[in-house]
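Below is structure.cif, which holds mmCIF, C-alpha atoms and all ligand atoms.
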```cif
data_upload
loop_
_atom_site.label_atom_id
_atom_site.label_comp_id
_atom_site.auth_asym_id
_atom_site.auth_seq_id
_atom_site.Cartn_x
_atom_site.Cartn_y
_atom_site.Cartn_z
CA MET W 1 0.00 0.00 0.00
CA LYS W 2 1.56 3.25 -1.16
CA GLU W 3 0.84 6.51 0.64
CA LEU W 4 0.31 9.48 -1.64
CA ASP W 5 0.28 13.30 -1.50
CA ARG W 6 -3.08 13.45 -3.24
CA PRO W 7 -5.84 10.97 -4.15
CA ARG W 8 -5.40 9.01 -7.38
CA TYR W 9 -8.54 10.21 -9.15
CA LYS W 10 -7.90 12.68 -11.98
CA ILE W 11 -9.57 16.09 -11.80
CA ILE W 12 -10.48 17.47 -15.20
CA GLY W 13 -11.52 21.12 -15.07
CA GLU W 14 -13.52 22.20 -12.07
CA MET W 15 -15.17 19.82 -9.60
CA SER W 16 -18.81 20.68 -8.98
CA ARG W 17 -21.20 19.76 -6.18
CA PHE W 18 -24.04 17.23 -6.41
CA ASP W 19 -27.66 18.17 -5.81
CA GLU W 20 -29.24 15.48 -3.57
CA ARG W 21 -32.59 16.11 -5.29
CA ASP W 22 -31.08 14.28 -8.30
CA ASN W 23 -30.40 11.17 -6.23
CA VAL W 24 -32.63 8.26 -7.34
CA HIS W 25 -34.03 7.80 -3.81
CA ALA W 26 -34.98 11.48 -3.64
CA ARG W 27 -36.68 11.25 -7.03
CA ARG W 28 -38.72 8.25 -5.90
CA GLU W 29 -40.13 10.35 -3.07
CA LEU W 30 -41.88 12.59 -5.63
CA GLU W 31 -45.52 11.77 -6.42
CA PRO W 32 -46.74 11.86 -10.05
CA ASP W 33 -49.13 14.68 -10.98
CA THR W 34 -48.14 16.82 -8.00
CA PRO W 35 -46.72 20.33 -8.55
CA GLU W 36 -43.36 19.07 -7.13
CA TRP W 37 -43.22 16.26 -9.70
CA LYS W 38 -44.10 18.59 -12.59
CA LYS W 39 -41.58 21.21 -11.52
CA TYR W 40 -38.78 18.68 -11.13
CA TYR W 41 -39.34 16.87 -14.44
CA GLN W 42 -39.71 20.12 -16.36
CA ASP W 43 -35.99 20.49 -15.79
CA HIS W 44 -35.16 16.76 -15.93
CA ALA W 45 -37.38 15.38 -18.68
CA GLU W 46 -34.77 12.73 -19.56
CA TRP W 47 -35.54 10.81 -16.34
CA GLU W 48 -39.33 11.11 -16.16
CA GLU W 49 -40.35 7.99 -18.09
CA GLU W 50 -37.89 5.69 -16.30
CA ASP W 51 -38.74 7.16 -12.88
CA LEU W 52 -42.45 6.69 -13.53
CA LYS W 53 -41.86 2.99 -14.31
CA THR W 54 -39.77 2.59 -11.15
CA LYS W 55 -42.58 4.13 -9.08
CA LEU W 56 -44.81 1.19 -10.05
CA LEU W 57 -42.41 -1.39 -8.60
CA PRO W 58 -42.72 -2.70 -5.01
CA GLY W 59 -39.82 -0.62 -3.65
CA VAL W 60 -36.82 -1.28 -1.42
CA GLY W 61 -37.76 -3.01 1.84
CA ASN W 62 -41.12 -4.22 0.54
CA VAL W 63 -40.33 -7.69 -0.80
CA GLY W 64 -39.90 -10.81 1.30
CA HIS W 65 -41.55 -13.06 3.82
CA PRO W 66 -43.71 -11.01 6.24
CA TRP W 67 -41.97 -12.50 9.32
CA ASP W 68 -38.57 -11.42 8.00
CA LEU W 69 -39.74 -8.05 6.72
CA LEU W 70 -40.60 -7.25 10.33
CA MET W 71 -36.94 -7.86 11.26
CA LEU W 72 -36.10 -5.11 8.82
CA ARG W 73 -38.82 -2.71 9.85
CA SER W 74 -38.05 -3.03 13.53
CA GLN W 75 -34.67 -1.37 12.79
CA VAL W 76 -36.00 1.43 10.62
CA GLN W 77 -37.48 3.49 13.44
CA ILE W 78 -34.21 3.74 15.36
CA ARG W 79 -32.25 4.44 12.19
CA SER W 80 -34.65 7.24 11.25
CA THR W 81 -34.50 8.69 14.75
CA LEU W 82 -30.70 8.77 14.59
CA GLY W 83 -30.96 10.62 11.27
CA ARG W 84 -33.05 13.46 12.68
CA ASN W 85 -31.51 16.94 12.54
CA ASP W 86 -31.45 17.18 16.34
CA PHE W 87 -29.47 13.91 16.55
CA VAL W 88 -26.90 14.51 13.80
CA ASP W 89 -26.15 18.03 15.03
CA GLY W 90 -26.66 20.09 18.17
CA PRO W 91 -25.37 22.82 20.43
CA VAL W 92 -21.60 23.13 20.87
CA SER W 93 -20.18 23.35 24.39
CA GLN W 94 -19.19 26.91 25.33
CA GLU W 95 -16.07 25.55 26.99
CA LYS W 96 -13.45 24.75 24.32
CA MET W 97 -11.01 22.05 25.45
CA GLY W 98 -7.37 22.86 24.61
CA ILE W 99 -6.49 19.48 23.14
CA ASP W 100 -3.65 19.15 20.62
CA PRO W 101 -4.53 17.66 17.20
CA ILE W 102 -2.47 14.48 17.63
CA ARG W 103 -4.11 13.60 20.96
CA ALA W 104 -7.54 14.61 19.62
CA THR W 105 -7.00 12.28 16.64
CA GLU W 106 -6.08 9.40 18.95
CA LYS W 107 -9.21 10.01 21.00
CA VAL W 108 -11.57 10.28 18.03
CA LYS W 109 -10.18 7.16 16.36
CA GLY W 110 -10.08 5.26 19.63
CA LEU W 111 -13.68 6.14 20.47
CA ALA W 112 -14.87 5.24 16.96
CA ARG W 113 -13.27 1.80 17.23
CA HIS W 114 -14.55 1.36 20.77
CA LEU W 115 -18.06 2.06 19.49
CA GLY W 116 -17.65 -0.62 16.82
CA ALA W 117 -16.14 0.99 13.70
CA ASP W 118 -13.86 -1.34 11.72
CA LEU W 119 -12.00 1.43 9.87
CA VAL W 120 -11.50 5.11 10.77
CA ARG W 121 -9.60 7.63 8.65
CA ILE W 122 -9.42 11.41 8.74
CA GLY W 123 -8.95 13.89 5.91
CA PRO W 124 -9.87 17.35 4.73
CA LEU W 125 -13.45 18.17 3.79
CA ASN W 126 -13.39 19.15 0.11
CA GLN W 127 -16.39 21.44 -0.46
CA ALA W 128 -16.98 19.73 -3.83
CA HIS W 129 -18.20 16.69 -1.83
CA VAL W 130 -20.91 18.69 -0.03
CA TYR W 131 -24.44 18.46 -1.50
CA THR W 132 -25.93 21.69 -2.84
CA HIS W 133 -29.53 21.00 -1.68
CA VAL W 134 -31.48 18.58 0.51
CA GLY W 135 -33.17 15.86 -1.55
CA LYS W 136 -34.19 12.93 0.68
CA THR W 137 -36.77 13.69 3.33
CA LYS W 138 -38.93 10.55 3.54
CA HIS W 139 -37.48 9.28 6.81
CA SER W 140 -36.77 12.70 8.29
CA PRO W 141 -39.81 14.93 8.48
CA ASP W 142 -37.64 17.72 9.96
CA LYS W 143 -35.72 18.05 6.69
CA ILE W 144 -36.89 20.47 3.99
CA LYS W 145 -36.61 19.25 0.41
CA GLY W 146 -34.77 21.83 -1.67
CA ALA W 147 -33.18 23.65 1.28
CA SER W 148 -29.71 24.83 0.28
CA ILE W 149 -26.79 23.32 2.18
CA SER W 150 -23.86 25.18 3.68
CA LEU W 151 -21.33 23.11 5.61
CA PRO W 152 -18.23 25.17 6.37
CA HIS W 153 -16.41 22.43 8.36
CA LYS W 154 -12.77 21.86 7.43
CA ASN W 155 -12.23 18.23 8.43
CA ALA W 156 -13.99 14.91 7.87
CA ILE W 157 -13.82 11.65 9.80
CA SER W 158 -14.76 8.59 7.76
CA ILE W 159 -15.94 5.48 9.56
CA ALA W 160 -16.59 2.10 7.97
CA LEU W 161 -18.29 -1.02 9.23
CA GLU W 162 -17.88 -4.44 7.64
CA THR W 163 -20.90 -6.17 6.12
CA GLU W 164 -21.10 -9.92 6.63
CA ILE W 165 -19.97 -11.59 3.41
CA ASP W 166 -22.23 -14.66 3.67
CA LEU W 167 -25.33 -12.47 3.90
CA ILE W 168 -24.20 -10.17 1.07
CA LYS W 169 -23.74 -13.26 -1.09
CA THR W 170 -27.34 -14.40 -0.62
CA GLY W 171 -28.14 -12.14 -3.60
CA PRO W 172 -30.79 -9.53 -4.20
CA VAL W 173 -33.03 -10.93 -1.44
CA LEU W 174 -34.12 -9.89 2.03
CA PRO W 175 -31.19 -11.40 4.03
CA GLU W 176 -28.81 -9.17 2.05
CA LEU W 177 -30.87 -6.06 2.79
CA LEU W 178 -31.23 -7.00 6.44
CA GLU W 179 -27.44 -6.97 6.76
CA ILE W 180 -27.16 -3.59 5.03
CA VAL W 181 -29.79 -2.09 7.34
CA ARG W 182 -28.06 -3.54 10.42
CA VAL W 183 -24.76 -1.96 9.40
CA TYR W 184 -26.30 1.42 8.53
CA SER W 185 -28.15 1.45 11.87
CA GLN W 186 -24.90 0.83 13.74
CA LEU W 187 -23.08 3.47 11.72
CA ALA W 188 -25.85 5.95 12.56
CA ARG W 189 -25.33 5.30 16.28
CA ILE W 190 -21.52 5.58 16.08
CA SER W 191 -21.58 8.75 13.98
CA VAL W 192 -24.12 10.48 16.23
CA VAL W 193 -22.14 9.64 19.40
CA LEU W 194 -18.83 10.76 17.85
CA ALA W 195 -20.30 14.08 16.69
CA ALA W 196 -21.87 14.66 20.13
CA TYR W 197 -18.51 13.91 21.78
CA ILE W 198 -16.69 16.46 19.57
CA ARG W 199 -19.34 19.12 20.26
CA SER W 200 -18.89 18.48 23.97
CA LEU W 201 -15.17 19.28 23.49
CA GLY W 202 -16.26 22.72 22.24
CA PHE W 203 -16.04 22.25 18.44
CA PRO W 204 -18.81 22.06 15.84
CA ALA W 205 -19.44 18.57 14.46
CA ARG W 206 -22.18 16.97 12.36
CA ALA W 207 -22.88 13.30 11.72
CA HIS W 208 -23.79 12.25 8.18
CA ASN W 209 -25.58 8.91 8.32
CA SER W 210 -27.83 7.04 5.95
CA HIS W 211 -31.02 9.00 6.63
CA ASN W 212 -29.37 12.40 6.75
CA TYR W 213 -26.32 13.05 4.59
CA GLN W 214 -25.08 16.45 3.54
CA VAL W 215 -21.97 14.99 1.95
CA LEU W 216 -20.82 12.24 -0.41
CA CYS W 217 -19.17 9.73 1.92
CA ILE W 218 -17.19 7.77 -0.71
CA PRO W 219 -14.96 10.55 -2.13
CA ILE W 220 -14.42 11.86 1.40
CA ALA W 221 -13.20 8.41 2.51
CA ILE W 222 -10.93 8.24 -0.55
CA ASP W 223 -9.43 11.66 0.30
CA ALA W 224 -8.79 10.31 3.82
CA GLY W 225 -6.92 7.29 2.43
CA MET W 226 -9.44 4.58 3.24
CA GLY W 227 -9.20 3.07 -0.24
CA GLU W 228 -9.91 3.72 -3.91
CA LEU W 229 -12.92 4.11 -6.17
CA SER W 230 -13.77 1.02 -8.22
CA ARG W 231 -15.44 0.29 -11.55
CA MET W 232 -18.72 -0.53 -9.76
CA GLY W 233 -18.71 2.89 -8.06
CA ALA W 234 -18.08 1.51 -4.57
CA LEU W 235 -15.11 2.19 -2.34
CA ILE W 236 -12.63 -0.68 -2.19
CA THR W 237 -10.38 -0.92 0.86
CA LYS W 238 -7.41 -3.19 1.43
CA GLU W 239 -8.85 -4.52 4.69
CA LEU W 240 -12.52 -5.15 3.80
CA GLY W 241 -12.62 -4.92 -0.01
CA PRO W 242 -15.98 -3.34 -0.94
CA CYS W 243 -17.77 -5.22 1.86
CA LEU W 244 -18.50 -2.18 4.01
CA LYS W 245 -20.76 0.80 4.52
CA LEU W 246 -19.73 4.32 5.44
CA ALA W 247 -20.71 7.29 7.56
CA THR W 248 -18.95 10.63 7.95
CA ILE W 249 -18.54 13.17 10.73
CA THR W 250 -17.56 16.66 9.61
CA THR W 251 -16.02 19.02 12.13
CA ASP W 252 -13.71 21.94 12.87
CA LEU W 253 -11.89 20.06 15.62
CA PRO W 254 -8.20 20.26 14.59
CA LEU W 255 -7.10 16.71 13.67
CA ALA W 256 -4.16 14.99 11.96
CA PHE W 257 -4.94 13.81 8.43
CA ASP W 258 -4.27 10.35 7.00
CA PRO W 259 -2.64 10.26 3.55
CA PRO W 260 -4.55 9.08 0.45
CA VAL W 261 -3.45 5.63 -0.72
CA ASP W 262 -2.72 3.58 -3.82
CA ILE W 263 -3.83 -0.02 -3.27
CA GLY W 264 -3.93 -0.94 -6.95
CA VAL W 265 -7.73 -0.86 -7.42
CA GLU W 266 -7.46 1.37 -10.46
CA GLU W 267 -5.31 -1.16 -12.35
CA PHE W 268 -7.28 -4.14 -11.03
CA CYS W 269 -10.59 -2.71 -12.27
CA GLN W 270 -9.03 -1.80 -15.61
CA ASP W 271 -8.55 -5.48 -16.41
CA CYS W 272 -11.29 -7.12 -14.33
CA LYS W 273 -14.90 -6.63 -15.33
CA ILE W 274 -16.49 -9.32 -13.17
CA CYS W 275 -18.98 -6.92 -11.56
CA ALA W 276 -20.04 -5.57 -14.97
CA LYS W 277 -20.51 -9.11 -16.33
CA ASN W 278 -22.64 -10.15 -13.35
CA CYS W 279 -24.68 -6.98 -12.92
CA PRO W 280 -28.30 -7.93 -13.75
CA SER W 281 -29.21 -4.41 -14.90
CA GLY W 282 -26.21 -3.56 -17.07
CA ALA W 283 -25.58 -0.51 -14.88
CA ILE W 284 -21.81 -1.01 -14.65
CA SER W 285 -19.60 0.15 -17.49
CA HIS W 286 -17.51 -2.36 -19.45
CA GLY W 287 -15.63 0.55 -21.00
CA GLY W 288 -13.37 3.36 -19.93
CA LYS W 289 -13.75 6.25 -17.54
CA VAL W 290 -15.67 9.45 -18.25
CA VAL W 291 -15.65 12.86 -16.58
CA VAL W 292 -18.39 13.31 -13.99
CA ARG W 293 -18.64 16.71 -12.30
CA GLY W 294 -14.93 17.34 -12.92
CA VAL W 295 -13.63 13.90 -11.89
CA GLU W 296 -12.60 11.07 -14.21
CA LYS W 297 -14.23 7.78 -13.16
CA TRP W 298 -16.21 4.75 -14.27
CA LYS W 299 -19.78 5.91 -14.42
CA ILE W 300 -22.60 3.61 -13.41
CA LYS W 301 -26.18 4.08 -14.61
CA PRO W 302 -28.08 4.77 -11.36
CA GLU W 303 -31.53 4.44 -12.97
CA ALA W 304 -30.80 0.91 -14.26
CA CYS W 305 -29.40 -0.19 -10.90
CA TYR W 306 -32.26 1.37 -8.97
CA ARG W 307 -34.80 -0.45 -11.09
CA ILE W 308 -33.42 -3.78 -9.83
CA TRP W 309 -33.47 -2.49 -6.27
CA ASN W 310 -37.13 -1.57 -6.50
CA GLU W 311 -38.11 -4.78 -8.23
CA THR W 312 -36.25 -7.09 -5.83
CA GLY W 313 -37.02 -4.88 -2.83
CA THR W 314 -33.33 -4.94 -1.83
CA ASP W 315 -30.18 -3.07 -2.73
CA CYS W 316 -29.05 -6.05 -4.82
CA GLY W 317 -25.30 -6.08 -4.08
CA ILE W 318 -24.37 -8.69 -6.71
CA CYS W 319 -21.49 -6.45 -7.82
CA ILE W 320 -20.09 -6.48 -4.30
CA ALA W 321 -20.76 -10.20 -3.86
CA THR W 322 -18.83 -11.09 -7.04
CA CYS W 323 -15.90 -8.68 -6.69
CA PRO W 324 -12.58 -10.53 -6.20
CA TRP W 325 -11.84 -8.11 -3.31
CA THR W 326 -14.83 -9.51 -1.40
CA LYS W 327 -13.15 -12.26 0.50
CA PRO W 328 -13.06 -13.50 4.09
CA ARG W 329 -10.05 -12.33 6.08
CA THR W 330 -8.15 -15.64 5.84
CA MET W 331 -4.36 -15.87 5.53
CA PHE W 332 -4.62 -16.90 1.88
CA HIS W 333 -6.94 -14.06 0.88
CA ASN W 334 -4.97 -11.50 2.87
CA LEU W 335 -1.86 -12.62 0.99
CA CYS W 336 -3.68 -12.20 -2.35
CA LYS W 337 -4.76 -8.68 -1.34
CA GLU W 338 -1.19 -7.89 -0.33
CA ILE W 339 0.06 -9.01 -3.75
CA ALA W 340 -2.68 -7.07 -5.57
CA THR W 341 -1.82 -3.87 -3.71
CA ARG W 342 1.91 -4.20 -4.43
CA LYS W 343 2.00 -5.73 -7.92
CA HIS W 344 -0.60 -3.93 -9.93
CA LYS W 345 -0.47 -6.22 -12.92
CA ALA W 346 -1.35 -9.20 -10.69
CA GLY W 347 -4.97 -7.99 -10.84
CA LEU W 348 -5.37 -9.34 -14.37
CA TRP W 349 -4.33 -12.88 -13.34
CA MET W 350 -6.32 -12.73 -10.13
CA SER W 351 -9.52 -11.74 -11.91
CA ILE W 352 -8.99 -14.53 -14.48
CA GLY W 353 -8.40 -16.98 -11.62
CA GLU W 354 -11.50 -15.68 -9.84
CA GLU W 355 -13.70 -16.33 -12.88
CA LEU W 356 -12.24 -19.79 -13.44
CA LEU W 357 -12.65 -20.76 -9.79
CA TYR W 358 -16.01 -19.20 -8.95
CA GLY W 359 -17.65 -18.55 -12.37
CA LYS W 360 -20.89 -16.58 -12.51
CA PHE W 361 -22.71 -15.42 -9.42
CA ARG W 362 -24.53 -18.17 -7.52
CA PRO W 363 -26.51 -17.00 -4.50
CA LYS W 364 -25.67 -18.51 -1.12
CA PRO W 365 -28.57 -19.91 0.90
CA ALA W 366 -30.27 -17.68 3.44
CA PRO W 367 -29.41 -18.32 7.10
CA ASP W 368 -31.60 -20.99 8.71
CA TRP W 369 -33.30 -18.42 10.96
CA MET W 370 -34.77 -16.69 7.89
CA GLU W 371 -37.35 -17.95 5.37
CA THR W 372 -36.11 -19.15 1.97
CA PRO W 373 -36.25 -16.10 -0.31
CA ASP W 374 -37.72 -15.96 -3.79
CA LEU W 375 -34.98 -15.46 -6.38
CA SER W 376 -37.26 -15.31 -9.41
CA VAL W 377 -36.62 -11.62 -10.17
CA TRP W 378 -32.89 -12.21 -10.26
CA GLU W 379 -33.42 -15.32 -12.44
CA LYS W 380 -35.47 -13.21 -14.84
CA TYR W 381 -32.79 -10.54 -15.18
CA LYS W 382 -30.04 -13.14 -15.42
CA LYS W 383 -31.83 -14.75 -18.39
CA LEU W 384 -32.35 -11.35 -20.01
CA ARG W 385 -28.66 -10.50 -19.74
CA GLU W 386 -27.52 -13.91 -20.95
CA HIS W 387 -29.19 -13.08 -24.26
CA LEU W 388 -27.41 -9.74 -24.70
S1 LIG U 401 -26.32 -3.26 -7.11
FE1 LIG U 401 -26.92 -4.86 -8.58
S2 LIG U 401 -27.91 -3.72 -10.26
FE2 LIG U 401 -26.77 -2.24 -9.03
S3 LIG U 401 -24.77 -2.05 -10.02
FE3 LIG U 401 -24.55 -3.63 -8.42
S4 LIG U 401 -24.98 -5.56 -9.49
FE4 LIG U 401 -25.74 -3.91 -10.80
S1 LIG U 402 -15.40 -6.85 -9.75
FE1 LIG U 402 -13.43 -6.35 -10.66
S2 LIG U 402 -13.87 -4.55 -11.95
FE2 LIG U 402 -15.55 -4.77 -10.53
S3 LIG U 402 -15.04 -3.46 -8.82
FE3 LIG U 402 -14.30 -5.51 -8.29
S4 LIG U 402 -12.18 -5.53 -9.01
FE4 LIG U 402 -13.15 -3.78 -9.97
#
```
Rewrite the structure of this file - the entire thing - as structure tokens.
Ligand code: SF4
Ligand code: SF4
Amino acid sequence: MKELDRPRYKIIGEMSRFDERDNVHARRELEPDTPEWKKYYQDHAEWEEEDLKTKLLPGVGNVGHPWDLLMLRSQVQIRSTLGRNDFVDGPVSQEKMGIDPIRATEKVKGLARHLGADLVRIGPLNQAHVYTHVGKTKHSPDKIKGASISLPHKNAISIALETEIDLIKTGPVLPELLEIVRVYSQLARISVVLAAYIRSLGFPARAHNSHNYQVLCIPIAIDAGMGELSRMGALITKELGPCLKLATITTDLPLAFDPPVDIGVEEFCQDCKICAKNCPSGAISHGGKVVVRGVEKWKIKPEACYRIWNETGTDCGICIATCPWTKPRTMFHNLCKEIATRKHKAGLWMSIGEELLYGKFRPKPAPDWMETPDLSVWEKYKKLREHL
């Protein structure tokens, strides 16, 4: 793993901020024939037809056995509560603690790990990663859709939590989503506690968790050296591969930054296209990078991906399940990751070996405490893509 002066992604021209109202989840919150719908699609006519079709699908969190759906829903309330404005932010203590940045960094990282985070890295907050406007409000009635966002914090703490590989590999079915929701709920708790701790030290701090982001967590984690951006659009880390979820805490507490890293993902993804070949929606590019808001990267098609999510009722995750970086932390796999991060060209042989050994995606069975899920939607898409 090489430490760098700046992240590996190439900036072409000027980086620009993302409007959360353009996020596919935010668009699904709009109701057809309402003034909000008409106003939005007047400016974004290119998405209206596809979004209308997606509205007719069951939706994420609405497919599965009723007994198991309740396991999911029983976590939603707490996750939504932890995403409320008065949980993610709050008053700052009037008494500022004189704590030097190195010691403050040790405390913040130590507390994050103590609370359950698997990875913690700290970097600068690039304003290009701050949303321009609030888009998602469904789970947070105290948020105002369209409100402009100003977040003047200088620093960002990225925290990651591992997702359990066996559940991710069950496919686009409820056990996979249950694991994602568990991890996001835990991240919400950790981020809220960390932000509250920093405010109690006398410095502003805001948690950004899954029901209340004001920032893009992935590029912030890349700037803090947690890993690199992959072809499938997810962060890949040396320790956990792409098998993780993220939250961010932004703050003005002076902290020591971690350097960005080169772990060889860029070269690995150049040669390996396993995620693109397995993606049931065709959302992942087989080709080269393009410039998106000033940054060169592989662009995924969010509308195609989101269609699968809404049809299967999950967040799919086949790309993550099939990625060669998604491996248990055994000695053998750790050695492979070590080689991949040091010898960039090894990625080509590893991805060929991966395809020969594991072939196409085959879902793992659900755990015995859950009902057997229905994989027919995935089967349908798999057949469709086999004929392309
Ligand atoms: S989540 Fe599923 S549909 Fe979306 S990009 Fe990954 S494999 Fe494709
Ligand atoms: S499956 Fe291959 S191409 Fe896709 S993200 Fe993983 S390493 Fe990159």
Option closest in space to ligand LIG 402 (chain U), from W:Asn310, W:Gln127, W:Thr251, W:Thr237 [counting only C-alpha atoms and all ligand atoms]: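 Smallest distance to ligand LIG 402 (chain U) is found for W:Thr237.
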Polymer residues at most 7 Å from Ile168 in chain W, all atoms listed in the file, same-chain spacing of 5 or more positions, as a list of chain:residue names: W:Glu176, W:Gly317, W:Ala321
Surroundings of ligand LIG 401 (chain U) up to 6 Å, based on all atoms listed in the file, as a list in words: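 Every residue with an atom at most 6 Å from ligand LIG 401 (chain U) is listed here: Cys279, Pro280, Ser281, Ala283, Ile284, Cys305, Ile308, Asp315, Cys316, Gly317, Ile318 and Cys319 of chain W.
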Could you dump the residues just selected with C-alpha atoms as a compact mmCIF listing (two decimals), in the coordinates of the input?
```
# COMPACT_ATOMS: atom_id res chain seq x y z
CA CYS W 279 -24.68 -6.98 -12.92
CA PRO W 280 -28.30 -7.93 -13.75
CA SER W 281 -29.21 -4.41 -14.90
CA ALA W 283 -25.58 -0.51 -14.88
CA ILE W 284 -21.81 -1.01 -14.65
CA CYS W 305 -29.40 -0.19 -10.90
CA ILE W 308 -33.42 -3.78 -9.83
CA ASP W 315 -30.18 -3.07 -2.73
CA CYS W 316 -29.05 -6.05 -4.82
CA GLY W 317 -25.30 -6.08 -4.08
CA ILE W 318 -24.37 -8.69 -6.71
CA CYS W 319 -21.49 -6.45 -7.82
```
Distance of CA of Tyr197 in chain W from CA of Lys143 in chain W, expressed in Å to one decimal place: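 Interatomic distance, CA of Lys143 in chain W to CA of Tyr197 in chain W: 23.3 Å.
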Residue contacts of His133 in chain W (7 Å, all atoms listed in the file) excluding same-chain residues fewer than 6 positions away, as a PyMOL selection string: chain W and resi 19-21+146-149
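Atom to atom, CA of Val265 in chain W and CA of Glu228 in chain W stand 6.2 Å apart.
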What are the closest atom pairs, with distances in Å to one decimal, for each residue of chain W lying within 9 Å of ligand LIG 402 (chain U), using all atoms listed in the file, rows by chain and rising residue number, as JSON lines?
```
{"residue": "W:Leu229", "atom": "CA", "partner": "U:LIG402", "partner_atom": "S3", "distance": 8.3}
{"residue": "W:Ser230", "atom": "CA", "partner": "U:LIG402", "partner_atom": "S3", "distance": 4.7}
{"residue": "W:Arg231", "atom": "CA", "partner": "U:LIG402", "partner_atom": "S3", "distance": 4.7}
{"residue": "W:Met232", "atom": "CA", "partner": "U:LIG402", "partner_atom": "S3", "distance": 4.8}
{"residue": "W:Gly233", "atom": "CA", "partner": "U:LIG402", "partner_atom": "S3", "distance": 7.4}
{"residue": "W:Ala234", "atom": "CA", "partner": "U:LIG402", "partner_atom": "S3", "distance": 7.2}
{"residue": "W:Leu235", "atom": "CA", "partner": "U:LIG402", "partner_atom": "S3", "distance": 8.6}
{"residue": "W:Ile236", "atom": "CA", "partner": "U:LIG402", "partner_atom": "S3", "distance": 7.6}
{"residue": "W:Gly241", "atom": "CA", "partner": "U:LIG402", "partner_atom": "FE3", "distance": 8.5}
{"residue": "W:Pro242", "atom": "CA", "partner": "U:LIG402", "partner_atom": "FE3", "distance": 7.8}
{"residue": "W:Val265", "atom": "CA", "partner": "U:LIG402", "partner_atom": "S4", "distance": 6.6}
{"residue": "W:Glu266", "atom": "CA", "partner": "U:LIG402", "partner_atom": "FE4", "distance": 7.7}
{"residue": "W:Glu267", "atom": "CA", "partner": "U:LIG402", "partner_atom": "FE4", "distance": 8.6}
{"residue": "W:Phe268", "atom": "CA", "partner": "U:LIG402", "partner_atom": "S4", "distance": 5.5}
{"residue": "W:Cys269", "atom": "CA", "partner": "U:LIG402", "partner_atom": "FE4", "distance": 3.6}
{"residue": "W:Gln270", "atom": "CA", "partner": "U:LIG402", "partner_atom": "S2", "distance": 6.7}
{"residue": "W:Asp271", "atom": "CA", "partner": "U:LIG402", "partner_atom": "S2", "distance": 7.0}
{"residue": "W:Cys272", "atom": "CA", "partner": "U:LIG402", "partner_atom": "FE1", "distance": 4.3}
{"residue": "W:Lys273", "atom": "CA", "partner": "U:LIG402", "partner_atom": "S2", "distance": 4.1}
{"residue": "W:Ile274", "atom": "CA", "partner": "U:LIG402", "partner_atom": "S1", "distance": 4.4}
{"residue": "W:Cys275", "atom": "CA", "partner": "U:LIG402", "partner_atom": "S1", "distance": 4.0}
{"residue": "W:Ala276", "atom": "CA", "partner": "U:LIG402", "partner_atom": "FE2", "distance": 6.4}
{"residue": "W:Lys277", "atom": "CA", "partner": "U:LIG402", "partner_atom": "S1", "distance": 8.6}
{"residue": "W:Asn278", "atom": "CA", "partner": "U:LIG402", "partner_atom": "S1", "distance": 8.7}
{"residue": "W:Ile284", "atom": "CA", "partner": "U:LIG402", "partner_atom": "FE2", "distance": 8.4}
{"residue": "W:His286", "atom": "CA", "partner": "U:LIG402", "partner_atom": "S2", "distance": 8.6}
{"residue": "W:Cys319", "atom": "CA", "partner": "U:LIG402", "partner_atom": "S1", "distance": 6.4}
{"residue": "W:Ile320", "atom": "CA", "partner": "U:LIG402", "partner_atom": "FE3", "distance": 7.1}
{"residue": "W:Ala321", "atom": "CA", "partner": "U:LIG402", "partner_atom": "S1", "distance": 8.6}
{"residue": "W:Thr322", "atom": "CA", "partner": "U:LIG402", "partner_atom": "S1", "distance": 6.1}
{"residue": "W:Cys323", "atom": "CA", "partner": "U:LIG402", "partner_atom": "S1", "distance": 3.6}
{"residue": "W:Pro324", "atom": "CA", "partner": "U:LIG402", "partner_atom": "FE3", "distance": 5.7}
{"residue": "W:Trp325", "atom": "CA", "partner": "U:LIG402", "partner_atom": "FE3", "distance": 6.1}
{"residue": "W:Thr326", "atom": "CA", "partner": "U:LIG402", "partner_atom": "FE3", "distance": 8.0}
{"residue": "W:Gly347", "atom": "CA", "partner": "U:LIG402", "partner_atom": "S4", "distance": 7.8}
{"residue": "W:Ser351", "atom": "CA", "partner": "U:LIG402", "partner_atom": "FE1", "distance": 6.8}
```
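From CA of Glu379 in chain W back to CA of Glu303 in chain W, the distance works out to 19.9 Å.
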Counting only C-alpha atoms, the residue of W:Leu82, W:Met331, W:Leu56, W:Leu167 that sits nearest Asn212 in chain W: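 Residue with the minimum atom-to-atom distance to Asn212 in chain W: W:Leu82.
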